[in-house]
>>> print(open('data-v6.cif').read())   # mmCIF, C-alpha atoms
data_start
loop_
_atom_site.label_atom_id
_atom_site.label_comp_id
_atom_site.auth_asym_id
_atom_site.auth_seq_id
_atom_site.Cartn_x
_atom_site.Cartn_y
_atom_site.Cartn_z
CA MET A 1 -5.69 41.33 31.81
CA ILE A 2 -6.44 39.14 28.80
CA PRO A 3 -3.79 36.38 28.54
CA ASP A 4 -1.84 35.39 25.44
CA PRO A 5 -3.27 32.46 23.47
CA SER A 6 -1.89 28.95 23.76
CA PHE A 7 -1.56 26.90 20.59
CA ALA A 8 -0.85 23.59 22.34
CA HIS A 9 -4.22 22.01 21.60
CA LEU A 10 -4.27 23.32 18.04
CA ILE A 11 -0.89 21.73 17.36
CA ALA A 12 -2.14 18.48 18.91
CA LEU A 13 -5.05 18.52 16.44
CA SER A 14 -2.72 19.07 13.48
CA GLN A 15 -2.20 16.13 11.13
CA PRO A 16 -0.03 15.93 7.98
CA ASP A 17 -3.15 16.45 5.84
CA GLY A 18 -4.86 19.11 7.92
CA LEU A 19 -6.57 20.00 11.17
CA VAL A 20 -8.90 17.38 12.65
CA SER A 21 -11.90 18.47 14.69
CA ARG A 22 -11.25 16.36 17.79
CA LEU A 23 -8.50 14.22 19.24
CA ALA A 24 -10.66 11.39 20.60
CA SER A 25 -12.33 10.60 17.30
CA SER A 26 -11.80 8.15 14.49
CA ASP A 27 -13.59 10.57 12.16
CA HIS A 28 -10.69 12.45 10.57
CA ARG A 29 -12.50 14.73 8.19
CA TYR A 30 -10.77 17.96 7.27
CA ARG A 31 -13.09 20.97 7.19
CA VAL A 32 -12.49 24.14 5.23
CA GLU A 33 -13.76 26.34 8.04
CA GLY A 34 -11.25 24.80 10.45
CA ALA A 35 -8.43 25.25 7.95
CA ALA A 36 -9.46 28.87 7.38
CA GLY A 37 -9.53 29.60 11.10
CA ALA A 38 -6.15 27.96 11.64
CA LEU A 39 -4.56 29.91 8.78
CA VAL A 40 -5.87 33.22 10.11
CA ALA A 41 -4.75 32.42 13.67
CA VAL A 42 -1.19 31.63 12.57
CA CYS A 43 -0.98 34.68 10.29
CA ARG A 44 -1.91 36.91 13.23
CA GLU A 45 1.16 35.74 15.17
CA ARG A 46 4.29 37.84 14.67
CA THR A 47 6.73 34.99 15.23
CA PRO A 48 4.86 31.69 14.80
CA SER A 49 6.68 28.52 15.81
CA ALA A 50 7.80 25.99 13.21
CA PRO A 51 4.81 23.67 13.91
CA LEU A 52 2.43 26.61 13.46
CA VAL A 53 4.04 27.64 10.18
CA GLU A 54 3.64 24.08 8.96
CA LEU A 55 -0.02 24.15 10.04
CA ALA A 56 -0.48 27.36 8.04
CA ARG A 57 1.04 25.74 4.95
CA THR A 58 -1.11 22.61 5.27
CA SER A 59 -4.23 24.71 5.84
CA PHE A 60 -3.51 26.94 2.86
CA ARG A 61 -3.04 23.96 0.57
CA LEU A 62 -6.31 22.41 1.72
CA LEU A 63 -8.15 25.69 1.11
CA ALA A 64 -6.62 26.03 -2.35
CA ASP A 65 -7.61 22.47 -3.20
CA ALA A 66 -11.17 23.13 -2.05
CA GLN A 67 -11.60 26.16 -4.30
CA GLY A 68 -13.04 25.98 -7.80
CA ILE A 69 -12.28 28.23 -10.74
CA ASP A 70 -15.44 30.26 -9.97
CA GLY A 71 -14.29 30.92 -6.40
CA THR A 72 -16.77 28.65 -4.64
CA VAL A 73 -15.49 25.85 -2.40
CA ARG A 74 -16.23 22.39 -1.16
CA SER A 75 -16.45 22.31 2.62
CA GLU A 76 -15.10 18.93 3.69
CA ARG A 77 -12.44 16.39 2.68
CA THR A 78 -12.17 12.84 3.98
CA GLU A 79 -8.98 11.38 5.40
CA ARG A 80 -8.61 9.50 2.11
CA GLY A 81 -8.40 12.78 0.24
CA ARG A 82 -11.90 12.76 -1.28
CA TRP A 83 -14.02 15.88 -1.21
CA ARG A 84 -17.66 15.64 -0.15
CA GLY A 85 -20.50 17.55 -1.77
CA ASP A 86 -20.51 20.24 -4.41
CA ARG A 87 -18.75 23.58 -4.35
CA HIS A 88 -21.02 26.40 -3.22
CA PRO A 89 -20.81 29.96 -1.81
CA GLY A 90 -21.72 29.28 1.84
CA ASP A 91 -19.91 29.95 5.11
CA ALA A 92 -16.95 27.80 4.05
CA TRP A 93 -16.52 29.95 0.93
CA ALA A 94 -16.75 33.12 3.00
CA ARG A 95 -14.24 31.91 5.57
CA SER A 96 -11.82 30.89 2.81
CA VAL A 97 -12.00 34.40 1.32
CA GLY A 98 -11.03 35.84 4.70
CA ALA A 99 -8.23 33.33 5.20
CA PHE A 100 -6.74 33.93 1.75
CA ALA A 101 -6.95 37.70 2.31
CA THR A 102 -5.22 37.43 5.68
CA ALA A 103 -2.52 35.21 4.18
CA ALA A 104 -2.04 37.74 1.37
CA GLY A 105 -1.19 40.38 3.94
CA SER A 106 0.71 38.46 6.59
CA GLY A 107 1.33 34.88 5.50
CA PRO A 108 4.57 33.41 6.91
CA ASP A 109 5.97 32.56 3.42
CA PRO A 110 6.39 34.78 0.35
CA TRP A 111 4.69 32.17 -1.87
CA MET A 112 1.71 32.14 0.50
CA ARG A 113 1.31 35.91 0.35
CA GLU A 114 1.41 35.86 -3.44
CA ALA A 115 -0.92 32.86 -3.81
CA GLY A 116 -3.22 34.35 -1.18
CA ARG A 117 -3.87 37.35 -3.43
CA VAL A 118 -4.72 35.08 -6.36
CA HIS A 119 -7.09 32.80 -4.45
CA ALA A 120 -8.73 35.70 -2.59
CA ARG A 121 -9.46 37.51 -5.86
CA ARG A 122 -10.95 34.31 -7.27
CA GLY A 123 -13.15 33.87 -4.20
CA LEU A 124 -14.37 37.46 -4.40
CA ALA A 125 -16.00 36.69 -7.75
CA ALA A 126 -18.64 34.52 -6.05
CA ARG A 127 -21.77 35.72 -4.26
CA SER A 128 -23.99 34.05 -1.67
CA THR A 129 -27.71 34.23 -0.94
CA SER A 130 -26.85 33.97 2.77
CA VAL A 131 -26.54 37.29 4.59
CA ARG A 132 -24.18 35.75 7.14
CA SER A 133 -21.91 34.35 4.44
CA MET A 134 -21.83 37.69 2.64
CA ALA A 135 -20.97 39.43 5.91
CA ILE A 136 -18.12 37.01 6.63
CA ALA A 137 -16.78 37.40 3.09
CA ALA A 138 -16.95 41.19 3.48
CA LEU A 139 -14.56 40.99 6.42
CA GLY A 140 -12.07 39.26 4.13
CA ALA A 141 -12.63 41.86 1.43
CA ALA A 142 -11.79 44.58 3.93
CA GLU A 143 -8.51 42.79 4.67
CA LEU A 144 -7.60 43.02 0.99
CA VAL A 145 -8.42 46.72 0.82
CA ALA A 146 -6.01 47.23 3.72
CA ILE A 147 -3.31 45.88 1.37
CA ASP A 148 -4.58 47.58 -1.80
CA ARG A 149 -7.08 50.36 -1.19
CA HIS A 150 -8.10 50.37 -4.86
CA HIS A 151 -8.84 46.61 -5.00
CA PRO A 152 -11.94 46.62 -7.31
CA PRO A 153 -13.23 43.07 -6.59
CA ALA A 154 -12.96 43.61 -2.83
CA ARG A 155 -14.77 46.94 -3.03
CA ALA A 156 -17.48 45.41 -5.21
CA LEU A 157 -18.11 42.65 -2.69
CA LEU A 158 -18.31 45.19 0.14
CA VAL A 159 -20.96 47.11 -1.76
CA ASP A 160 -22.94 43.93 -2.39
CA ALA A 161 -22.61 42.85 1.25
CA VAL A 162 -24.04 46.14 2.49
CA ALA A 163 -26.96 45.72 0.09
CA ALA A 164 -27.52 42.12 1.22
CA ILE A 165 -27.60 43.12 4.90
CA GLY A 166 -29.84 46.12 4.36
CA PRO A 167 -30.36 49.14 6.62
CA ARG A 168 -31.29 48.87 10.27
CA ARG A 169 -34.96 49.10 11.11
CA ASP A 170 -36.48 52.26 12.52
CA ASP A 171 -37.53 50.43 15.68
CA PRO A 172 -35.37 50.90 18.82
CA ALA A 173 -36.73 47.65 20.30
CA TRP A 174 -35.77 45.63 17.20
CA PRO A 175 -33.44 47.49 14.80
CA TRP A 176 -32.03 44.23 13.41
CA PRO A 177 -32.45 44.10 9.60
CA SER A 178 -34.24 40.72 9.73
CA ASP A 179 -36.84 39.09 11.96
CA ARG A 180 -34.31 36.62 13.35
CA VAL A 181 -30.93 37.00 15.03
CA ASP A 182 -28.94 33.99 13.93
CA ALA A 183 -25.78 32.40 15.29
CA MET A 184 -22.61 34.45 14.78
CA ALA A 185 -24.83 37.52 14.59
CA ALA A 186 -21.98 39.93 15.32
CA VAL A 187 -20.48 39.38 11.87
CA VAL A 188 -23.34 41.53 10.51
CA PRO A 189 -22.45 44.78 12.33
CA ASP A 190 -18.76 43.95 11.96
CA ALA A 191 -19.18 43.77 8.18
CA LEU A 192 -21.07 47.08 8.16
CA LEU A 193 -18.28 48.74 10.16
CA ALA A 194 -15.63 47.35 7.83
CA ALA A 195 -17.52 48.23 4.64
CA GLY A 196 -18.58 51.67 5.83
CA ALA A 197 -15.02 52.59 6.74
CA VAL A 198 -13.60 51.39 3.40
CA LEU A 199 -16.34 52.85 1.21
CA GLY A 200 -16.51 56.21 2.97
CA ARG A 201 -20.09 55.57 4.09
CA PRO A 202 -20.61 57.08 7.57
CA ASP A 203 -24.26 56.03 7.41
CA VAL A 204 -23.20 52.39 7.11
CA VAL A 205 -20.74 52.78 10.00
CA ASP A 206 -23.54 54.32 12.09
CA ASP A 207 -25.78 51.34 11.30
CA GLY A 208 -22.99 48.98 12.32
CA LEU A 209 -22.40 50.74 15.63
CA ALA A 210 -26.11 50.90 16.41
CA LEU A 211 -26.66 47.22 15.63
CA LEU A 212 -23.58 46.17 17.57
CA GLY A 213 -24.65 48.21 20.58
CA TRP A 214 -28.12 46.70 20.48
CA LEU A 215 -26.69 43.20 20.15
CA VAL A 216 -24.29 43.71 23.07
CA ASP A 217 -27.15 44.96 25.25
CA ARG A 218 -29.29 42.02 24.23
CA GLU A 219 -26.51 39.51 24.85
CA THR A 220 -25.53 40.86 28.27
CA ALA A 221 -27.16 39.53 31.45
CA SER A 222 -26.19 40.49 35.00
CA GLY A 223 -22.87 41.88 33.83
CA HIS A 224 -21.77 38.88 31.74
CA LEU A 225 -22.29 37.77 28.16
CA SER A 226 -25.17 35.46 27.29
CA PRO A 227 -24.72 34.95 23.55
CA THR A 228 -27.39 34.02 21.06
CA PRO A 229 -27.93 30.23 21.26
CA ASP A 230 -27.08 27.96 18.38
CA GLY A 231 -30.62 27.95 17.04
CA GLY A 232 -30.87 31.74 16.89
CA ARG A 233 -33.53 33.97 18.38
CA VAL A 234 -36.66 35.78 17.30
CA ARG A 235 -38.16 38.78 19.01
CA SER A 236 -40.42 36.78 21.33
CA ASP A 237 -37.73 34.37 22.57
CA PRO A 238 -36.43 34.65 26.14
CA LEU A 239 -32.99 36.20 26.31
CA ALA A 240 -31.21 33.29 27.98
CA GLY A 241 -30.78 30.13 25.97
CA PHE A 242 -28.53 27.18 25.15
CA ASP A 243 -26.51 25.85 23.39
CA GLN A 244 -24.07 28.76 23.37
CA ARG A 245 -21.05 28.48 21.09
CA PRO A 246 -17.57 29.97 21.42
CA VAL A 247 -17.65 31.11 17.79
CA ASP A 248 -20.47 33.53 18.63
CA VAL A 249 -18.40 35.07 21.41
CA ALA A 250 -15.37 35.31 19.12
CA ALA A 251 -17.45 37.09 16.47
CA LEU A 252 -18.63 39.59 19.06
CA ALA A 253 -15.05 40.15 20.25
CA ALA A 254 -13.88 40.81 16.69
CA ALA A 255 -16.69 43.29 16.04
CA CYS A 256 -15.96 45.15 19.29
CA THR A 257 -12.27 45.29 18.40
CA ARG A 258 -13.12 46.98 15.10
CA ALA A 259 -15.60 49.34 16.78
CA ALA A 260 -12.97 50.32 19.36
CA ALA A 261 -10.44 51.04 16.60
CA LEU A 262 -12.93 53.18 14.67
CA THR A 263 -14.36 55.15 17.59
CA GLY A 264 -11.96 54.96 20.53
CA ASP A 265 -15.00 54.28 22.72
CA ARG A 266 -13.98 52.21 25.75
CA ARG A 267 -17.41 50.59 25.84
CA TRP A 268 -16.24 48.18 23.17
CA ILE A 269 -13.08 47.36 25.09
CA ALA A 270 -15.21 46.50 28.12
CA THR A 271 -17.27 44.10 26.00
CA LEU A 272 -14.09 42.52 24.66
CA GLU A 273 -13.04 41.86 28.25
CA GLN A 274 -16.45 40.27 28.89
CA ALA A 275 -15.88 38.03 25.87
CA TRP A 276 -12.68 36.66 27.34
CA GLN A 277 -14.32 36.29 30.76
CA TRP A 278 -17.11 34.24 29.18
CA PHE A 279 -14.54 31.58 28.32
CA ALA A 280 -13.02 31.86 31.80
CA GLY A 281 -16.34 31.31 33.60
CA ALA A 282 -18.30 34.57 33.63
CA ASN A 283 -21.28 33.10 31.80
CA ASP A 284 -24.83 31.92 32.51
CA LEU A 285 -23.63 28.87 34.47
CA ASP A 286 -20.47 30.32 36.09
CA VAL A 287 -18.31 27.54 34.65
CA PRO A 288 -15.11 27.84 32.58
CA LEU A 289 -14.94 26.47 29.06
CA TRP A 290 -11.23 27.12 28.74
CA HIS A 291 -8.71 24.53 29.90
CA ALA A 292 -5.56 26.55 30.37
CA ASP A 293 -3.15 23.64 30.78
CA ALA A 294 -4.10 22.09 27.45
CA GLY A 295 -4.93 25.32 25.62
CA ALA A 296 -8.29 23.74 24.71
CA CYS A 297 -11.88 24.94 24.81
CA ALA A 298 -15.17 23.10 25.22
CA GLY A 299 -17.28 23.00 22.07
CA ARG A 300 -20.32 24.70 23.59
CA LEU A 301 -22.06 25.72 26.80
CA THR A 302 -25.14 23.54 27.25
CA GLY A 303 -27.90 23.90 29.80
CA THR A 304 -26.05 21.51 32.12
CA GLY A 305 -22.51 22.78 31.61
CA PRO A 306 -19.67 22.71 29.07
CA SER A 307 -19.78 19.97 26.47
CA ALA A 308 -17.24 17.19 26.82
CA ASP A 309 -15.65 17.78 23.43
CA HIS A 310 -12.71 20.12 22.95
CA ASP A 311 -12.87 20.75 19.25
CA ALA A 312 -10.86 22.80 16.80
CA GLU A 313 -13.63 25.31 16.09
CA ALA A 314 -14.04 26.23 19.76
CA THR A 315 -10.29 26.38 20.39
CA LEU A 316 -9.83 28.64 17.38
CA ALA A 317 -12.62 30.88 18.71
CA LEU A 318 -10.80 31.18 22.02
CA ILE A 319 -7.51 31.97 20.26
CA SER A 320 -9.21 34.59 18.09
CA THR A 321 -10.74 36.29 21.13
CA LEU A 322 -7.39 36.41 22.92
CA GLN A 323 -5.69 37.76 19.79
CA CYS A 324 -8.30 40.53 19.65
CA GLY A 325 -7.51 41.38 23.25
CA ARG A 326 -3.79 41.55 22.50
CA LEU A 327 -4.46 43.80 19.51
CA VAL A 328 -6.45 46.27 21.59
CA ALA A 329 -3.87 46.20 24.39
CA ALA A 330 -1.12 47.03 21.89
CA ALA A 331 -3.18 49.90 20.45
CA LEU A 332 -3.65 51.37 23.91
CA GLY A 333 0.08 51.25 24.51
#
>>> encode(input="data-v6.cif", output="structure tokens")
Amino acid sequence: MIPDPSFAHLIALSQPDGLVSRLASSDHRYRVEGAAGALVAVCRERTPSAPLVELARTSFRLLADAQGIDGTVRSERTERGRWRGDRHPGDAWARSVGAFATAAGSGPDPWMREAGRVHARRGLAARSTSVRSMAIAALGAAELVAIDRHHPPARALLVDAVAAIGPRRDDPAWPWPSDRVDAMAAVVPDALLAAGAVLGRPDVVDDGLALLGWLVDRETASGHLSPTPDGGRVRSDPLAGFDQRPVDVAALAAACTRAAALTGDRRWIATLEQAWQWFAGANDLDVPLWHADAGACAGRLTGTGPSADHDAEATLALISTLQCGRLVAAALG
């Protein structure tokens, strides 16, 4: 049985100005991707505690401050309140679109739900040259269509995301649309499943299921998950590799959750269970990354074991995976 998530470590990482990456660090930068993940995690809870609601509010405000009038975002703010770099439509932009969309549907405050719609619509006006960023943004667009099935900007982004990903190749050994499988690869089939379902495109859903099945097979070794390492893989690379990141496992869990909902196929539920077990120790080194007492997760699985850091990104990935498990369990009754 997949356990309920603990938010203890996430609350410990929460500061008045946002979520810091690590406790034992003097570097208190506030990252948009962390804020987006925290906002989504809290919105998925039916009865979030007061500290979690406050974290959602702080995260939302940081995301809103990061966003420009054209929908693009800056990705990082210093502890002195200064933003670094220019606004651009990368992964931080894509994650903010998803966070705003989730807040629009299930934010803990009425003002957050209303503002979420405004900021999500603004974010949907941007486009990225990155396939991964477009796929992540598409998942947010699908959240908005769940609220308003005629949402034109969300539907337009879904169409553009499908075009950016492209069709699967007619090669059973390598059907992936590109020559490289990058980190967080599962967001690609997940986006195809979401877009295909919304747009009434069974061919796109079929591509998503085929790519997800291929990816699961490729990332399974001796009955456990062995996710794509941080540097990605090409066709000639050996299947095992390090560093492995929790966010890759969380992306796979989310894609399998959607596939299970669309098809009812228990194969995807079995992979979701493997995703949780990867955190618990069923991985290439047979070591747990999850620290149950603290509710924390190691930042990555290296060739010698879990990394010493217990950062926000990894902990949010663990929480997301457990929330996916709870969602599937509820659907099964």
>>> resolve_selection(input="data-v6.cif", expression="the PyMOL selection byres ((chain A and resi 22) around 10)", output="PyMOL selection string")
chain A and resi 9-10+12-14+19-21+23-29+299+309-313
>>> residues_around(input="data-v6.cif", residues="Trp278 (chain A)", least_positions_apart="4", cutoff="10 Å", atoms="all atoms listed in the file", output="ChimeraX atom specification")
/A:224-227,246,249,272-274,282-290
>>> write_last_selection(input="data-v6.cif", atoms="C-alpha atoms", output="compact mmCIF listing (two decimals), keeping the file's coordinate frame")
# COMPACT_ATOMS: atom_id res chain seq x y z
CA HIS A 224 -21.77 38.88 31.74
CA LEU A 225 -22.29 37.77 28.16
CA SER A 226 -25.17 35.46 27.29
CA PRO A 227 -24.72 34.95 23.55
CA PRO A 246 -17.57 29.97 21.42
CA VAL A 249 -18.40 35.07 21.41
CA LEU A 272 -14.09 42.52 24.66
CA GLU A 273 -13.04 41.86 28.25
CA GLN A 274 -16.45 40.27 28.89
CA ALA A 282 -18.30 34.57 33.63
CA ASN A 283 -21.28 33.10 31.80
CA ASP A 284 -24.83 31.92 32.51
CA LEU A 285 -23.63 28.87 34.47
CA ASP A 286 -20.47 30.32 36.09
CA VAL A 287 -18.31 27.54 34.65
CA PRO A 288 -15.11 27.84 32.58
CA LEU A 289 -14.94 26.47 29.06
CA TRP A 290 -11.23 27.12 28.74
>>> residues_around(input="data-v6.cif", residues="Asp293 (chain A)", least_positions_apart="6", cutoff="12 Å", atoms="only C-alpha atoms", output="ChimeraX atom specification")
/A:5-9
>>> closest_residue(input="data-v6.cif", among="A:Ala120, A:Ala154, A:Ala210, A:Val187", to="Pro167 (chain A)", atoms="all atoms listed in the file")
A:Ala210
>>> resolve_selection(input="data-v6.cif", expression="the PyMOL selection byres ((chain A and resi 131) around 12)", output="number ranges by chain")
A: 89-91, 94, 127-130, 132-138, 160-166, 177-178, 180-189, 191-192
>>> atom_distance(input="data-v6.cif", atom1="CA of Ala66 (chain A)", atom2="CA of Ala296 (chain A)")
26.9 Å
